[in-house]
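Some notes on the structure that comes next.
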Amino acid sequence: MEMNYKMDDSTFIFGVDLDGVVGDFYDAIRKIAAEWLDKPLEALTTEVTYGLDEWGINELGGYDRLHRFAVTQRDIFRVMEPIKNAPAILRKLSNQGIRIRIITHRLFLKFSHRTTITQTVDWLDNYDIPYWDICFMKDKGAVGAHVYIDDAPENIINLRKLGCNTIVFNNSTNRDLPGPRANNWFEVERMVMEARDEWKTGTVGLFRE
C-alpha cells in the first residue's frame, strides 16, 4: 500500500474515528445491553464481532433498537469512558501541529441526530479532546486525511479501497484485517508521527506492504 498524500493542505491531517478508538464504546454498550437484555454483565462476552450478535440482542429487536435506547435513554455518547491515553495523546499530536479531524458515522439512525451531536460535542469538550473539524458521515474517505484510524472492518476496508492510509485500532471485531494496526494509543502516537515525518520528506515506509 503506497502513501496517498497528494492533498492541497499544508497541514498533516489525522482522520480519527470515535467509537472503539477514542471512546470505549464496547465497554459502555455492554453495560447498557446487560440492563436492556436483563442479563448479568458477566453473561455478555467481551469477545464480540461487529453487530454484537454474540449477546443475543436480535431476540429483542437487534442492534439498531439497542443503539437507539443507548443514545436516547442512557446518553451513551456522553457517559462512555475514553480509551486509555487517547485524550492525552491526541492533545500531544495536536500540539505537534497535526490537524485532528474527527470522522464518525454516529448519525445512522433517524430522529436522534440532535441528541447524538450534542452528546458528542459535550463528551469531546469534557475530556478536552482537541479537533479542528468534526464530520458526521459514512463515507469517511470523502473528507480527506493523510492517515485515518478506525476499528470497524467495513470502514477500514472501504477506506483502503480508496487508497486511504488507514491504521486498524485493534479489537475483537477486526483481528482478521491486515496491518498496520495499533494495540494502544502509544502505538498510535508513534505511527502517526512516523507518517507525518514521511509526509514531510516525501518518503514511503509505514504504509508500504
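Letters A, B, ... go to the chains of the C-alpha cells in the order shown; residues in each chain start at 1; ligands are counted from 1 in the same order.
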Mind listing the alpha helix (DSSP H) residues of segment 29-109 of chain A, per DSSP on the backbone, as an MDAnalysis selection string?
-> chainID A and resid 29:37 63:72 76:79 86:95
Please build the interface table for segment 76-103 of chain A against segment 136-155 of chain A with a cut-off of 9 Å, listing for each qualifying residue the nearest atom pair and the distance in Å to one decimal; count only C-alpha atoms, order rows by chain and increasing number, and write it as CSV.
```
residue,atom,partner,partner_atom,distance
A:Arg101,CA,A:Ala145,CA,7.7
A:Ile102,CA,A:Phe136,CA,8.3
A:Ile103,CA,A:Phe136,CA,6.0
```
All strand (DSSP E) residues (DSSP, backbone) inside segment 156-200 of chain A, as a PyMOL selection string = chain A and resi 166-169+181-182
Would you output that residue set with C-alpha atoms, as a compact mmCIF listing (two decimals), in the first residue's frame?
```
# COMPACT_ATOMS: atom_id res chain seq x y z
CA THR A 166 -5.59 3.50 7.49
CA ILE A 167 -4.44 2.25 10.88
CA VAL A 168 -6.54 -0.52 12.44
CA PHE A 169 -7.21 0.08 16.13
CA ARG A 181 -2.55 -1.85 13.39
CA ALA A 182 -2.23 -0.33 16.82
```
Minimum-distance residue to Thr115 of chain A, chosen among A:Arg78, A:Asn184, A:Trp132, A:Arg91 (using only C-alpha atoms) | A:Arg78
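Minimum distance to Asp75 of chain A across A:Thr104, A:Thr11, A:Asn174, A:Thr118 (counting only C-alpha atoms) occurs at A:Thr118.
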